[in-house]
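> Got a structure for you, written out below as structure tokens; questions coming shortly.
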Amino acid sequence: MKIESGAASVCEICPHYCAIEEGRVGFCRGRGNVNGKITCLNYGKITSLALDPTSKKPLKNFFPGSMILSAGSFGCNMRCDFCQNHSISMANSGTKTTFISPETLVEEAIALIPDGNIGVAFTYNEPLISYEYIKDCAKILRENQLKTVLVTNGLVNEKPLTELLPFVDAMNIDLKCFSEEFYKELSGDLNTVKRTIELANEQCHVEVTTLIIPGKNDGIEEIAALSEWLGGVNCGIPLHLSRYFPRYKYEIEAATAEKLFELREIARKSLDYVYVGNV
């Protein structure tokens, strides 16, 4: 995807600061230049909609036992070759979608209250590239006493994040690793994600997920450093150590259950809640 400067507009949602020419799209594929203005191209364009347990987000300490309407679009501002949802996160505007307005999405959420629904989780792809849509939905959800949840990679600039946080009830934030080098490999930025966690912790419920990938982020020293830092932010933030399985472009063997439980014991030295998933 070619992104050039010149007669271009700059997107300020994330640290990529894409300079996008008229009619072109940014790195995330979900934002582009329309008539000289940066526009949310995937606004209301839903690829996946399902009623899930909150524990599947995963959120273990946020309304446990509840359900939440989960909505996903397309696009992502990172490039994880092990992505579990690559069919939509790596997709573009050519993928099949259904338009659902904020009002209609909230109506669907309300209709599911008898089934245990507590709100809407924006998930499956990177939700924050749909900043405008999420903000519009979150305001209406709040008016109807429903919850807004974000499942995000946390790669977002501070200004849009702080504007959105007053309307957000919970976030699960991916902390891919505790290595700037590996984050660069994924087209991300460790310090930005750390700052997202810090800011979110001040205003809403936060849980963090780290997908454990053998040889990439499964070192005892790295998990110790990650959990020590997270505990310094808030030792009550739950950390989910999730088991990687070969997916997309990665063929590395899956992490063993024994390894995840070993890392859990390391993380427990700094955190009150450490969960192991997909074992």
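Labels for the structure tokens follow display order: chains A, B, ..., residues from 1 in each chain, ligands from 1.
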For region 231-243 of chain A, work out the shell of residues within 8 Å, counting only C-alpha atoms and skipping chain neighbours fewer than 4 positions away, then give it as a ChimeraX atom specification.
/A:58,60-61,198,201,206-213,227,254-257,260,264,270-279
> I'd like the neighbourhood of Gly65 (chain A) as a list in words, where a residue qualifies if any of its atoms comes within 9 Å (using only C-alpha atoms), though same-chain residues fewer than 3 positions away should be ignored.
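Those residues are Pro53, Thr54, Ser55, Lys60, Phe62 and Gly116 of chain A.
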> For region 68-79 of chain A, work out the shell of residues within 9 Å, counting only C-alpha atoms and skipping chain neighbours fewer than 3 positions away, then give it as JSON, numbers by chain.
{"A": [14, 16, 26, 27, 28, 29, 30, 31, 42, 43, 44, 45, 46, 47, 48, 49, 50, 51, 52, 53, 54, 57, 82, 83, 87, 88, 89, 90, 91, 92, 93, 95, 97, 105, 108, 109, 112, 116, 117, 118, 119, 120, 121, 122, 123, 124, 125, 126, 127, 128, 129, 130, 147, 149, 153, 155, 185, 186, 187, 188]}
> Within 9 Å of Leu165 (chain A), counting only C-alpha atoms, which residues qualify if same-chain residues fewer than 3 places away don't, as a list in words?
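Final neighbour list, sorted by chain and number: Pro160, Leu161, Thr162, Val168, Asp169, Leu199, Ala200, Gln203 and Cys204 of chain A.
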> Check the DSSP output for the backbone and give back, as a PyMOL selection string, the residues of region 87-249 of chain A in strand (DSSP E).
chain A and resi 98-99+117-122+147-152+170-174+205-212+239-243
> So which bits of region 89-192 of chain A end up alpha helix (DSSP H) when you DSSP the backbone, as a VMD selection string?
chain A and resid 89 102 to 111 131 to 143 158 to 164 180 to 185 190 to 192
> At a cut-off of 10 Å, using only C-alpha atoms, what residues contact Glu222 (chain A)? Leave out same-chain residues fewer than 3 positions from it and give the result as a list in words.
Cys177, Phe178, Ser179, Lys216, Asn217, Asp218, Gly219, Ala225, Leu226, Ser227, Glu228 and Leu263 of chain A
> Just give me the gap between CA of Ile220 (chain A) and CA of Glu202 (chain A) in Å, one decimal is fine.
28.5 Å
> From the options A:Gly94, A:Pro214, A:Gly36, A:Pro246, which residue's atoms come nearest to Ile20 (chain A), counting only C-alpha atoms?
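Once distances to Ile20 (chain A) are computed over only C-alpha atoms, the minimum belongs to A:Gly36.
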